[in-house]
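Raw contents of data05.pdb, PDB, C-alpha atoms and all ligand atoms:
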```
ATOM      1  CA  MET A   1      -5.048 -21.729 -28.665
ATOM      2  CA  ALA A   2      -3.214 -19.890 -31.421
ATOM      3  CA  ARG A   3      -0.804 -17.261 -30.281
ATOM      4  CA  ARG A   4       1.914 -15.267 -31.928
ATOM      5  CA  ALA A   5       5.339 -16.415 -30.868
ATOM      6  CA  VAL A   6       6.774 -14.394 -28.015
ATOM      7  CA  LYS A   7      10.470 -13.831 -28.079
ATOM      8  CA  ARG A   8      12.172 -14.899 -24.900
ATOM      9  CA  SER A   9      14.357 -12.068 -23.618
ATOM     10  CA  ALA A  10      18.090 -12.312 -23.177
ATOM     11  CA  ALA A  11      17.355 -12.763 -19.454
ATOM     12  CA  GLY A  12      16.318 -16.319 -20.190
ATOM     13  CA  PHE A  13      19.820 -17.175 -21.222
ATOM     14  CA  VAL A  14      21.870 -15.472 -18.520
ATOM     15  CA  ARG A  15      23.550 -17.999 -16.243
ATOM     16  CA  GLY A  16      21.328 -18.713 -13.238
ATOM     17  CA  VAL A  17      18.315 -17.083 -14.816
ATOM     18  CA  ARG A  18      17.563 -19.723 -17.395
ATOM     19  CA  VAL A  19      14.093 -21.235 -17.191
ATOM     20  CA  PRO A  20      12.767 -23.437 -15.718
ATOM     21  CA  PHE A  21      13.371 -21.881 -12.313
ATOM     22  CA  THR A  22      14.248 -24.273  -9.526
ATOM     23  CA  ASP A  23      14.183 -22.427  -6.185
ATOM     24  CA  PRO A  24      10.700 -22.563  -4.613
ATOM     25  CA  SER A  25      11.899 -20.450  -1.654
ATOM     26  CA  GLY A  26      12.601 -17.446  -3.888
ATOM     27  CA  GLY A  27      15.922 -16.705  -2.163
ATOM     28  CA  LYS A  28      17.478 -13.426  -3.282
ATOM     29  CA  GLY A  29      20.857 -13.642  -1.569
ATOM     30  CA  PHE A  30      22.843 -10.397  -1.809
ATOM     31  CA  TRP A  31      19.852  -8.616  -3.301
ATOM     32  CA  ALA A  32      17.521  -9.291  -0.369
ATOM     33  CA  ALA A  33      18.437  -6.087   1.457
ATOM     34  CA  PHE A  34      17.558  -4.011  -1.607
ATOM     35  CA  SER A  35      14.292  -5.600  -2.532
ATOM     36  CA  ARG A  36      11.760  -5.447   0.285
ATOM     37  CA  ALA A  37       8.131  -5.118  -0.779
ATOM     38  CA  PRO A  38       6.374  -1.921   0.270
ATOM     39  CA  ALA A  39       3.168  -2.330   2.271
ATOM     40  CA  HIS A  40       0.203  -3.214   0.105
ATOM     41  CA  ARG A  41      -3.187  -1.619   0.471
ATOM     42  CA  HIS A  42      -6.737  -2.813  -0.041
ATOM     43  CA  VAL A  43      -8.996  -1.050  -2.523
ATOM     44  CA  ARG A  44     -12.653  -1.780  -3.097
ATOM     45  CA  TYR A  45     -14.955  -1.002  -6.004
ATOM     46  CA  ARG A  46     -18.680  -1.515  -6.416
ATOM     47  CA  VAL A  47     -19.911  -2.147  -9.949
ATOM     48  CA  ALA A  48     -23.399  -2.808 -11.308
ATOM     49  CA  LEU A  49     -22.960  -5.805 -13.614
ATOM     50  CA  PRO A  50     -25.257  -5.635 -16.637
ATOM     51  CA  GLY A  51     -27.612  -8.580 -16.742
ATOM     52  CA  TRP A  52     -26.807  -9.817 -13.265
ATOM     53  CA  ARG A  53     -29.906 -10.656 -11.230
ATOM     54  CA  GLY A  54     -28.302 -12.538  -8.352
ATOM     55  CA  ARG A  55     -27.035 -11.450  -4.956
ATOM     56  CA  ASP A  56     -23.967  -9.262  -4.491
ATOM     57  CA  VAL A  57     -20.782 -11.051  -5.565
ATOM     58  CA  THR A  58     -17.445 -10.416  -3.841
ATOM     59  CA  VAL A  59     -14.539 -10.882  -6.246
ATOM     60  CA  VAL A  60     -10.959 -10.501  -5.061
ATOM     61  CA  PHE A  61      -8.677  -9.571  -7.918
ATOM     62  CA  LEU A  62      -4.913 -10.125  -7.586
ATOM     63  CA  SER A  63      -2.605  -9.237 -10.430
ATOM     64  CA  ASP A  64       1.060  -9.093 -11.353
ATOM     65  CA  LEU A  65       2.351 -11.165  -8.450
ATOM     66  CA  HIS A  66       5.774 -11.394 -10.147
ATOM     67  CA  LEU A  67       6.432 -13.691  -7.224
ATOM     68  CA  GLY A  68      10.016 -13.396  -6.057
ATOM     69  CA  SER A  69      10.538  -9.870  -7.302
ATOM     70  CA  HIS A  70      10.814  -8.910  -3.633
ATOM     71  CA  ALA A  71      12.660 -10.621  -0.817
ATOM     72  CA  GLY A  72      10.321 -12.727   1.311
ATOM     73  CA  ASP A  73       7.657 -12.912  -1.372
ATOM     74  CA  VAL A  74       6.696 -16.505  -0.568
ATOM     75  CA  GLY A  75       5.766 -15.606   3.009
ATOM     76  CA  ARG A  76       4.208 -12.369   1.801
ATOM     77  CA  LEU A  77       1.875 -14.249  -0.528
ATOM     78  CA  ALA A  78       0.847 -16.588   2.286
ATOM     79  CA  ALA A  79       0.047 -13.545   4.444
ATOM     80  CA  ILE A  80      -1.944 -12.003   1.598
ATOM     81  CA  GLY A  81      -3.795 -15.311   1.339
ATOM     82  CA  ALA A  82      -4.882 -14.983   4.969
ATOM     83  CA  GLU A  83      -6.160 -11.471   4.247
ATOM     84  CA  VAL A  84      -7.997 -12.662   1.151
ATOM     85  CA  LYS A  85      -9.666 -15.518   3.033
ATOM     86  CA  ALA A  86     -10.786 -13.051   5.705
ATOM     87  CA  LEU A  87     -12.639 -11.151   2.972
ATOM     88  CA  ALA A  88     -14.702 -14.314   2.338
ATOM     89  CA  PRO A  89     -14.759 -13.810  -1.434
ATOM     90  CA  ASP A  90     -17.054 -15.729  -3.738
ATOM     91  CA  LEU A  91     -14.275 -15.851  -6.286
ATOM     92  CA  VAL A  92     -10.591 -14.968  -6.660
ATOM     93  CA  LEU A  93      -9.425 -13.872 -10.094
ATOM     94  CA  LEU A  94      -5.767 -13.580 -11.053
ATOM     95  CA  GLY A  95      -4.663 -11.109 -13.717
ATOM     96  CA  GLY A  96      -1.477 -12.886 -14.792
ATOM     97  CA  ASP A  97       2.226 -12.028 -14.646
ATOM     98  CA  HIS A  98       2.780 -14.582 -11.924
ATOM     99  CA  MET A  99       6.438 -14.955 -12.871
ATOM    100  CA  ASN A 100       9.406 -12.809 -11.876
ATOM    101  CA  MET A 101      11.538 -12.465 -15.002
ATOM    102  CA  MET A 102      13.950  -9.798 -13.703
ATOM    103  CA  THR A 103      17.412 -10.352 -15.130
ATOM    104  CA  PHE A 104      19.179  -9.757 -11.821
ATOM    105  CA  GLY A 105      18.220 -10.164  -8.202
ATOM    106  CA  GLY A 106      17.219 -13.819  -7.938
ATOM    107  CA  GLY A 107      13.832 -14.729  -6.507
ATOM    108  CA  ARG A 108      13.012 -16.939  -9.472
ATOM    109  CA  ILE A 109      10.212 -19.090  -8.187
ATOM    110  CA  PRO A 110       8.876 -21.945 -10.332
ATOM    111  CA  PRO A 111       5.236 -21.692 -11.409
ATOM    112  CA  GLU A 112       4.410 -24.945  -9.606
ATOM    113  CA  ALA A 113       5.310 -23.329  -6.262
ATOM    114  CA  ILE A 114       3.210 -20.235  -7.012
ATOM    115  CA  ALA A 115       0.215 -22.284  -8.115
ATOM    116  CA  ALA A 116       0.493 -24.588  -5.088
ATOM    117  CA  GLU A 117       0.355 -21.657  -2.658
ATOM    118  CA  LEU A 118      -2.660 -20.131  -4.405
ATOM    119  CA  ALA A 119      -4.487 -23.445  -4.692
ATOM    120  CA  GLY A 120      -3.881 -23.998  -0.980
ATOM    121  CA  TRP A 121      -6.243 -21.136  -0.206
ATOM    122  CA  SER A 122      -9.087 -23.456  -1.275
ATOM    123  CA  LEU A 123     -11.119 -20.655  -2.854
ATOM    124  CA  PRO A 124     -12.861 -20.663  -6.247
ATOM    125  CA  MET A 125     -10.205 -19.234  -8.535
ATOM    126  CA  ALA A 126      -9.207 -18.685 -12.157
ATOM    127  CA  THR A 127      -6.382 -16.925 -13.974
ATOM    128  CA  VAL A 128      -5.197 -15.557 -17.270
ATOM    129  CA  LEU A 129      -1.549 -15.274 -18.323
ATOM    130  CA  GLY A 130       0.518 -12.113 -18.617
ATOM    131  CA  ASN A 131       3.407 -11.212 -20.875
ATOM    132  CA  HIS A 132       5.976 -12.285 -18.272
ATOM    133  CA  ASP A 133       4.280 -15.690 -18.016
ATOM    134  CA  LEU A 134       4.538 -15.966 -21.785
ATOM    135  CA  GLU A 135       8.210 -15.012 -21.576
ATOM    136  CA  TYR A 136       8.798 -17.848 -19.099
ATOM    137  CA  GLY A 137       6.752 -20.219 -21.226
ATOM    138  CA  ALA A 138       2.982 -20.163 -21.582
ATOM    139  CA  ALA A 139       2.656 -23.939 -21.685
ATOM    140  CA  ALA A 140       4.734 -24.442 -18.536
ATOM    141  CA  VAL A 141       2.898 -21.795 -16.503
ATOM    142  CA  ALA A 142      -0.510 -22.950 -17.715
ATOM    143  CA  ALA A 143       0.297 -26.587 -16.952
ATOM    144  CA  ALA A 144       1.412 -25.686 -13.412
ATOM    145  CA  PHE A 145      -1.826 -23.827 -12.694
ATOM    146  CA  GLU A 146      -4.124 -26.371 -14.326
ATOM    147  CA  THR A 147      -2.401 -29.198 -12.453
ATOM    148  CA  ALA A 148      -2.976 -27.308  -9.198
ATOM    149  CA  GLY A 149      -6.674 -27.030 -10.071
ATOM    150  CA  ILE A 150      -6.689 -23.352 -11.112
ATOM    151  CA  PRO A 151      -8.314 -22.944 -14.544
ATOM    152  CA  VAL A 152      -6.289 -20.899 -17.018
ATOM    153  CA  LEU A 153      -8.792 -18.876 -19.022
ATOM    154  CA  GLU A 154      -6.775 -18.154 -22.142
ATOM    155  CA  ASN A 155      -9.663 -17.573 -24.502
ATOM    156  CA  ARG A 156     -11.848 -19.716 -22.297
ATOM    157  CA  THR A 157     -14.990 -19.216 -20.279
ATOM    158  CA  ALA A 158     -15.795 -20.518 -16.808
ATOM    159  CA  HIS A 159     -18.989 -20.420 -14.783
ATOM    160  CA  PHE A 160     -19.014 -19.940 -11.018
ATOM    161  CA  ALA A 161     -22.051 -20.731  -8.886
ATOM    162  CA  ILE A 162     -23.224 -17.769  -6.817
ATOM    163  CA  GLY A 163     -26.171 -19.013  -4.803
ATOM    164  CA  GLU A 164     -28.794 -20.078  -7.329
ATOM    165  CA  ASP A 165     -27.132 -18.107 -10.141
ATOM    166  CA  ALA A 166     -24.052 -18.562 -12.316
ATOM    167  CA  LEU A 167     -21.472 -15.857 -12.972
ATOM    168  CA  ARG A 168     -19.750 -16.178 -16.339
ATOM    169  CA  VAL A 169     -16.064 -15.223 -16.475
ATOM    170  CA  VAL A 170     -14.481 -14.810 -19.902
ATOM    171  CA  GLY A 171     -10.697 -14.887 -19.936
ATOM    172  CA  LEU A 172      -9.027 -13.342 -22.980
ATOM    173  CA  ALA A 173      -5.463 -13.825 -24.179
ATOM    174  CA  ASP A 174      -3.077 -10.883 -23.830
ATOM    175  CA  ASP A 175      -3.848  -7.918 -26.068
ATOM    176  CA  MET A 176      -0.280  -7.273 -27.311
ATOM    177  CA  HIS A 177       1.224 -10.775 -27.216
ATOM    178  CA  GLY A 178      -1.703 -13.071 -27.894
ATOM    179  CA  GLU A 179      -4.786 -13.377 -30.033
ATOM    180  CA  PRO A 180      -7.792 -12.553 -27.857
ATOM    181  CA  ASP A 181     -10.932 -14.351 -29.030
ATOM    182  CA  LEU A 182     -13.383 -11.477 -28.876
ATOM    183  CA  GLY A 183     -16.155 -13.760 -30.085
ATOM    184  CA  LEU A 184     -16.336 -15.178 -26.559
ATOM    185  CA  VAL A 185     -17.515 -11.851 -25.161
ATOM    186  CA  ALA A 186     -21.239 -11.363 -25.295
ATOM    187  CA  ALA A 187     -21.813  -8.430 -23.004
ATOM    188  CA  ALA A 188     -25.248  -7.918 -24.436
ATOM    189  CA  ALA A 189     -26.208 -11.227 -22.808
ATOM    190  CA  GLY A 190     -24.995  -9.838 -19.496
ATOM    191  CA  ALA A 191     -23.982 -11.443 -16.213
ATOM    192  CA  GLU A 192     -20.451 -11.653 -17.516
ATOM    193  CA  LEU A 193     -17.062 -10.514 -16.244
ATOM    194  CA  VAL A 194     -14.075 -10.212 -18.598
ATOM    195  CA  LEU A 195     -10.554 -10.944 -17.362
ATOM    196  CA  SER A 196      -7.430 -10.074 -19.355
ATOM    197  CA  HIS A 197      -3.895  -9.035 -18.462
ATOM    198  CA  ASP A 198      -3.549  -5.869 -20.526
ATOM    199  CA  PRO A 199      -6.269  -3.227 -20.102
ATOM    200  CA  GLY A 200      -5.783  -2.105 -23.714
ATOM    201  CA  ILE A 201      -8.276  -4.760 -24.777
ATOM    202  CA  ILE A 202     -11.072  -2.562 -23.381
ATOM    203  CA  TYR A 203     -11.355  -0.755 -26.721
ATOM    204  CA  ASP A 204     -12.360  -3.979 -28.471
ATOM    205  CA  LEU A 205     -15.027  -4.983 -25.939
ATOM    206  CA  PRO A 206     -18.709  -4.257 -26.456
ATOM    207  CA  GLU A 207     -20.529  -1.524 -24.567
ATOM    208  CA  GLY A 208     -21.574  -2.712 -21.132
ATOM    209  CA  ALA A 209     -18.552  -4.993 -20.654
ATOM    210  CA  VAL A 210     -16.834  -5.114 -17.254
ATOM    211  CA  LEU A 211     -13.078  -5.770 -17.525
ATOM    212  CA  LEU A 212     -10.549  -6.586 -14.812
ATOM    213  CA  ALA A 213      -6.922  -6.060 -15.873
ATOM    214  CA  GLY A 214      -3.447  -5.382 -14.488
ATOM    215  CA  HIS A 215      -0.133  -5.098 -16.353
ATOM    216  CA  ILE A 216       0.594  -1.397 -15.756
ATOM    217  CA  HIS A 217       1.643  -1.607 -12.058
ATOM    218  CA  ALA A 218       0.107   1.892 -11.777
ATOM    219  CA  GLY A 219       3.312   3.047 -13.448
ATOM    220  CA  GLN A 220       5.402   1.399 -10.678
ATOM    221  CA  VAL A 221       7.593   4.533 -10.307
ATOM    222  CA  ARG A 222       5.737   7.832 -10.152
ATOM    223  CA  LEU A 223       5.999  11.342  -8.866
ATOM    224  CA  PRO A 224       3.180  12.611  -6.656
ATOM    225  CA  GLY A 225       0.257  14.041  -8.554
ATOM    226  CA  LEU A 226       1.669  13.184 -11.976
ATOM    227  CA  PRO A 227       0.711  10.440 -14.386
ATOM    228  CA  PRO A 228       3.074   7.446 -14.710
ATOM    229  CA  LEU A 229       6.529   8.380 -15.975
ATOM    230  CA  ARG A 230       6.833   5.141 -17.902
ATOM    231  CA  MET A 231       4.243   2.752 -19.314
ATOM    232  CA  PRO A 232       4.743  -0.835 -20.448
ATOM    233  CA  PRO A 233       3.675  -1.546 -24.032
ATOM    234  CA  SER A 234      -0.118  -1.244 -24.111
ATOM    235  CA  ARG A 235      -2.877   0.557 -25.974
ATOM    236  CA  ILE A 236      -4.112   1.998 -22.689
ATOM    237  CA  PRO A 237      -3.249   5.678 -22.142
ATOM    238  CA  ARG A 238      -1.586   7.002 -19.000
ATOM    239  CA  ALA A 239      -4.866   8.516 -17.844
ATOM    240  CA  LEU A 240      -6.354   5.017 -17.478
ATOM    241  CA  ALA A 241      -3.262   3.389 -15.975
ATOM    242  CA  HIS A 242      -4.879   2.610 -12.644
ATOM    243  CA  GLY A 243      -8.229   2.472 -10.906
ATOM    244  CA  HIS A 244     -11.860   2.314 -11.970
ATOM    245  CA  HIS A 245     -12.809   4.104 -15.189
ATOM    246  CA  ARG A 246     -15.728   4.280 -17.569
ATOM    247  CA  VAL A 247     -14.838   3.850 -21.237
ATOM    248  CA  GLY A 248     -18.090   4.615 -22.971
ATOM    249  CA  ARG A 249     -20.547   2.373 -21.113
ATOM    250  CA  ARG A 250     -17.834  -0.139 -20.261
ATOM    251  CA  HIS A 251     -16.310  -0.498 -16.802
ATOM    252  CA  LEU A 252     -12.523  -0.808 -16.636
ATOM    253  CA  ILE A 253     -10.788  -1.781 -13.406
ATOM    254  CA  VAL A 254      -6.985  -1.694 -13.566
ATOM    255  CA  SER A 255      -5.117  -3.066 -10.562
ATOM    256  CA  ALA A 256      -1.731  -1.709  -9.494
ATOM    257  CA  GLY A 257      -0.762  -5.336  -8.900
ATOM    258  CA  LEU A 258       1.442  -6.712  -6.156
ATOM    259  CA  GLY A 259       4.894  -7.312  -7.615
ATOM    260  CA  CYS A 260       7.466  -5.506  -9.705
ATOM    261  CA  SER A 261       9.145  -5.898 -13.058
ATOM    262  CA  ALA A 262      12.553  -4.617 -14.188
ATOM    263  CA  LEU A 263      13.513  -3.363 -10.698
ATOM    264  CA  PRO A 264      12.110  -4.199  -7.227
ATOM    265  CA  LEU A 265      11.103  -0.573  -6.773
ATOM    266  CA  ARG A 266       7.750   1.151  -6.415
ATOM    267  CA  LEU A 267       7.333   4.864  -5.754
ATOM    268  CA  PHE A 268       3.911   6.419  -5.239
ATOM    269  CA  ALA A 269       2.360   3.339  -6.837
ATOM    270  CA  PRO A 270       1.655   1.055  -3.869
ATOM    271  CA  PRO A 271       0.836  -2.594  -4.449
ATOM    272  CA  GLU A 272      -2.758  -3.521  -3.834
ATOM    273  CA  VAL A 273      -5.354  -6.200  -3.245
ATOM    274  CA  VAL A 274      -8.515  -5.286  -5.153
ATOM    275  CA  THR A 275     -12.015  -6.257  -4.116
ATOM    276  CA  VAL A 276     -14.793  -5.785  -6.633
ATOM    277  CA  VAL A 277     -18.364  -6.120  -5.397
ATOM    278  CA  LEU A 278     -20.652  -6.890  -8.312
ATOM    279  CA  VAL A 279     -24.240  -5.907  -7.764
ATOM    280  CA  ALA A 280     -27.403  -6.330  -9.795
ATOM    281  CA  GLU A 281     -28.401  -3.428 -11.980
ATOM    282  CA  ALA A 282     -31.261  -1.379 -10.638
ATOM    283  CA  ALA A 283     -34.493  -2.443 -12.340
TER     284      ALA A 283
HETATM  285 FE    FE A 301       3.384  -7.137 -14.613
END
```
Please, can you express the file's structure as structure tokens?
Amino acid sequence: MARRAVKRSAAGFVRGVRVPFTDPSGGKGFWAAFSRAPAHRHVRYRVALPGWRGRDVTVVFLSDLHLGSHAGDVGRLAAIGAEVKALAPDLVLLGGDHMNMMTFGGGRIPPEAIAAELAGWSLPMATVLGNHDLEYGAAAVAAAFETAGIPVLENRTAHFAIGEDALRVVGLADDMHGEPDLGLVAAAAGAELVLSHDPGIIYDLPEGAVLLAGHIHAGQVRLPGLPPLRMPPSRIPRALAHGHHRVGRRHLIVSAGLGCSALPLRLFAPPEVVTVVLVAEAA
């Protein structure tokens, strides 16, 4: 899995912030009072998946956990797990950025603790890695998830049984920090879902592709009725920062994610749990 080297930020060398993280409780000490998570919402999309002939497939998509970016995030994730299980999904896909790499504010939860909580839901699951996971250390995060039984689809494909049929999920490495293997995507063959952290990869996917991505946090801090004030590095424009869009004949679903980066603050960009119902194309 070739990947361009990712520079670790100065945060990795500040006392108490240095990886690997060691506090599975995600304690935030003094910062706890200033870093409560806003209420998350549930959003639901229905997408006709080219080539799919099976029954409807319920996919829950969780992205940008940045677990520990808010006080009480460990309990919050367990509560979200109960909500996800109540949705009875066929599959849970994770869009990466599991790690909280904020310089200040604590809540630095090791990837083993995050993976253990997710694996404890006992649902079919797979993930890709985000730029903050790469900043922590791609090998360490991937090893934690693989050890917990959650496949890390960094330029890898997995098949999930849906009744008598098999849904193909292609995970691509990050668009800006990795080397996505576009040869894995064969949308013309159909019955395939693409998972990647940064939605900017949509422009390189073939017509008919269906992409689930995160990364943008819906801007994280917005003013009502206006596009995001600030965007993380990505090829995706502000107009496609969040929600379900058509890009040519491709479907792009960009989750607002659940956690925060830089500051534990969201304004007019609520965190969300996304459900995507994949249905067969009309004959
Ligand atoms: Fe993120």
Point-to-point distance in Å for atom CA of A:His215 and atom CA of A:His177: 12.3 Å
Might you pull out every residue within 10 Å of stretch 150-153 of chain A, with only C-alpha atoms counted and same-chain residues fewer than 2 positions away left off, and present them as JSON, numbers by chain? {"A": [93, 94, 96, 115, 116, 118, 119, 123, 124, 125, 126, 127, 128, 129, 141, 142, 143, 144, 145, 146, 147, 148, 155, 156, 157, 158, 169, 170, 171, 172, 173, 195, 196]}
Under the rule of at most 8 Å, produce a per-residue listing of chain A near ligand FE 301 (chain A): chain, number, name, the closest pair of atoms, and the distance in Å, as CSV, using only C-alpha atoms and all ligand atoms.
```
residue,atom,partner,partner_atom,distance
A:Ser63,CA,A:FE301,FE,7.6
A:Asp64,CA,A:FE301,FE,4.5
A:Leu65,CA,A:FE301,FE,7.4
A:His66,CA,A:FE301,FE,6.6
A:Gly96,CA,A:FE301,FE,7.5
A:Asp97,CA,A:FE301,FE,5.0
A:His98,CA,A:FE301,FE,7.9
A:Gly130,CA,A:FE301,FE,7.0
A:Asn131,CA,A:FE301,FE,7.5
A:His132,CA,A:FE301,FE,6.8
A:Gly214,CA,A:FE301,FE,7.1
A:His215,CA,A:FE301,FE,4.4
A:Ile216,CA,A:FE301,FE,6.5
A:His217,CA,A:FE301,FE,6.3
A:Gly257,CA,A:FE301,FE,7.3
A:Gly259,CA,A:FE301,FE,7.2
A:Cys260,CA,A:FE301,FE,6.6
A:Ser261,CA,A:FE301,FE,6.1
```
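Ranking A:Gly68, A:Gly149, A:Gly95, A:Pro227 by their shortest atom-to-atom distance to A:Asp198, with all atoms listed in the file included, puts A:Gly95 first.
Proximity to A:Leu167 was assessed for A:Ala88, A:Val47, A:Val59, A:Ile236 counting all atoms listed in the file; the smallest distance is recorded for A:Val59.
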Given the PyMOL selection byres (((chain A and resi 30) around 12) and not hetatm), the residues it picks as a PyMOL selection string: chain A and resi 27-29+31-35+71+104-107
Give as a list in words the residues that the PyMOL selection byres (((chain A and resi 211) around 6) and not hetatm) matches when applied to the coordinates above. Val194, Leu195, Val210, Leu212 and Leu252 of chain A
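Of the residues under consideration (A:Ala262, A:Met99, A:Ala241, A:Leu205), A:Met99 shows the shortest atom-to-atom contact distance to A:Leu67 when counting all atoms listed in the file.
For the pair atom CA of A:Leu49 and atom CA of A:Gly208, the separation is 8.2 Å.
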Just want the 8 Å neighbourhood of A:Tyr45, counted on all atoms listed in the file, with same-chain residues fewer than 4 positions away dropped. Output as a PDB file with C-alpha atoms, in the coordinates of the input.
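Ended up saving to around-v2.pdb:
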```pdb
ATOM      1  CA  HIS A 244     -11.860   2.314 -11.970  1.00  0.00           C
ATOM      2  CA  VAL A 274      -8.515  -5.286  -5.153  1.00  0.00           C
ATOM      3  CA  THR A 275     -12.015  -6.257  -4.116  1.00  0.00           C
ATOM      4  CA  VAL A 276     -14.793  -5.785  -6.633  1.00  0.00           C
ATOM      5  CA  VAL A 277     -18.364  -6.120  -5.397  1.00  0.00           C
TER       6      VAL A 277
END
```
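One finds atom CA of A:Pro233 at 11.5 Å from atom CA of A:Gly219.
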Taking all atoms of stretch 204-220 of chain A that the file lists, what box with edges along x, y and z, padded by 6 Å per side, do you get, with centre and edge lengths in Å to one decimal, as lines of an AutoDock Vina configuration file?
```
center_x = -8.1
center_y = -1.8
center_z = -19.6
size_x = 39.0
size_y = 21.6
size_z = 29.8
```
Taking all atoms listed in the file into account, name the residue in A:Ala239, A:Ala138, A:Ala269, A:Ala166 that is nearest to A:Pro224. A:Ala269
Excluding same-chain residues fewer than 2 positions from A:Arg53, what lies within 9 Å of it counting all atoms listed in the file, as number ranges by chain? A: 49-51, 55, 165, 191, 279-281
Write out N, CA and C atoms for stretch 78-94 of chain A, as a PDB file, in the frame of the given file.
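Produced file result-v7.pdb, reproduced below:
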```
ATOM      1  N   ALA A  78       1.629 -15.831   1.301  1.00  0.00           N
ATOM      2  CA  ALA A  78       0.847 -16.588   2.286  1.00  0.00           C
ATOM      3  C   ALA A  78       0.078 -15.629   3.196  1.00  0.00           C
ATOM      4  N   ALA A  79       0.725 -14.537   3.593  1.00  0.00           N
ATOM      5  CA  ALA A  79       0.047 -13.545   4.444  1.00  0.00           C
ATOM      6  C   ALA A  79      -1.087 -12.872   3.684  1.00  0.00           C
ATOM      7  N   ILE A  80      -0.872 -12.584   2.415  1.00  0.00           N
ATOM      8  CA  ILE A  80      -1.944 -12.003   1.598  1.00  0.00           C
ATOM      9  C   ILE A  80      -3.088 -12.998   1.485  1.00  0.00           C
ATOM     10  N   GLY A  81      -2.756 -14.277   1.393  1.00  0.00           N
ATOM     11  CA  GLY A  81      -3.795 -15.311   1.339  1.00  0.00           C
ATOM     12  C   GLY A  81      -4.688 -15.271   2.569  1.00  0.00           C
ATOM     13  N   ALA A  82      -4.081 -15.066   3.737  1.00  0.00           N
ATOM     14  CA  ALA A  82      -4.882 -14.983   4.969  1.00  0.00           C
ATOM     15  C   ALA A  82      -5.814 -13.774   4.911  1.00  0.00           C
ATOM     16  N   GLU A  83      -5.313 -12.671   4.369  1.00  0.00           N
ATOM     17  CA  GLU A  83      -6.160 -11.471   4.247  1.00  0.00           C
ATOM     18  C   GLU A  83      -7.300 -11.711   3.257  1.00  0.00           C
ATOM     19  N   VAL A  84      -6.978 -12.390   2.165  1.00  0.00           N
ATOM     20  CA  VAL A  84      -7.997 -12.662   1.151  1.00  0.00           C
ATOM     21  C   VAL A  84      -9.082 -13.576   1.741  1.00  0.00           C
ATOM     22  N   LYS A  85      -8.677 -14.598   2.453  1.00  0.00           N
ATOM     23  CA  LYS A  85      -9.666 -15.518   3.033  1.00  0.00           C
ATOM     24  C   LYS A  85     -10.566 -14.783   4.027  1.00  0.00           C
ATOM     25  N   ALA A  86      -9.987 -13.819   4.739  1.00  0.00           N
ATOM     26  CA  ALA A  86     -10.786 -13.051   5.705  1.00  0.00           C
ATOM     27  C   ALA A  86     -11.850 -12.207   5.008  1.00  0.00           C
ATOM     28  N   LEU A  87     -11.639 -11.914   3.730  1.00  0.00           N
ATOM     29  CA  LEU A  87     -12.639 -11.151   2.972  1.00  0.00           C
ATOM     30  C   LEU A  87     -13.806 -12.025   2.521  1.00  0.00           C
ATOM     31  N   ALA A  88     -13.665 -13.343   2.709  1.00  0.00           N
ATOM     32  CA  ALA A  88     -14.702 -14.314   2.338  1.00  0.00           C
ATOM     33  C   ALA A  88     -15.217 -14.094   0.915  1.00  0.00           C
ATOM     34  N   PRO A  89     -14.311 -14.082  -0.057  1.00  0.00           N
ATOM     35  CA  PRO A  89     -14.759 -13.810  -1.434  1.00  0.00           C
ATOM     36  C   PRO A  89     -15.527 -14.995  -2.021  1.00  0.00           C
ATOM     37  N   ASP A  90     -16.403 -14.673  -2.964  1.00  0.00           N
ATOM     38  CA  ASP A  90     -17.054 -15.729  -3.738  1.00  0.00           C
ATOM     39  C   ASP A  90     -16.099 -16.303  -4.774  1.00  0.00           C
ATOM     40  N   LEU A  91     -15.130 -15.488  -5.167  1.00  0.00           N
ATOM     41  CA  LEU A  91     -14.275 -15.851  -6.286  1.00  0.00           C
ATOM     42  C   LEU A  91     -12.975 -15.043  -6.212  1.00  0.00           C
ATOM     43  N   VAL A  92     -11.868 -15.673  -6.540  1.00  0.00           N
ATOM     44  CA  VAL A  92     -10.591 -14.968  -6.660  1.00  0.00           C
ATOM     45  C   VAL A  92     -10.153 -15.052  -8.114  1.00  0.00           C
ATOM     46  N   LEU A  93      -9.913 -13.909  -8.713  1.00  0.00           N
ATOM     47  CA  LEU A  93      -9.425 -13.872 -10.094  1.00  0.00           C
ATOM     48  C   LEU A  93      -7.999 -13.330 -10.116  1.00  0.00           C
ATOM     49  N   LEU A  94      -7.185 -13.922 -10.971  1.00  0.00           N
ATOM     50  CA  LEU A  94      -5.767 -13.580 -11.053  1.00  0.00           C
ATOM     51  C   LEU A  94      -5.493 -12.995 -12.435  1.00  0.00           C
TER      52      LEU A  94
END
```
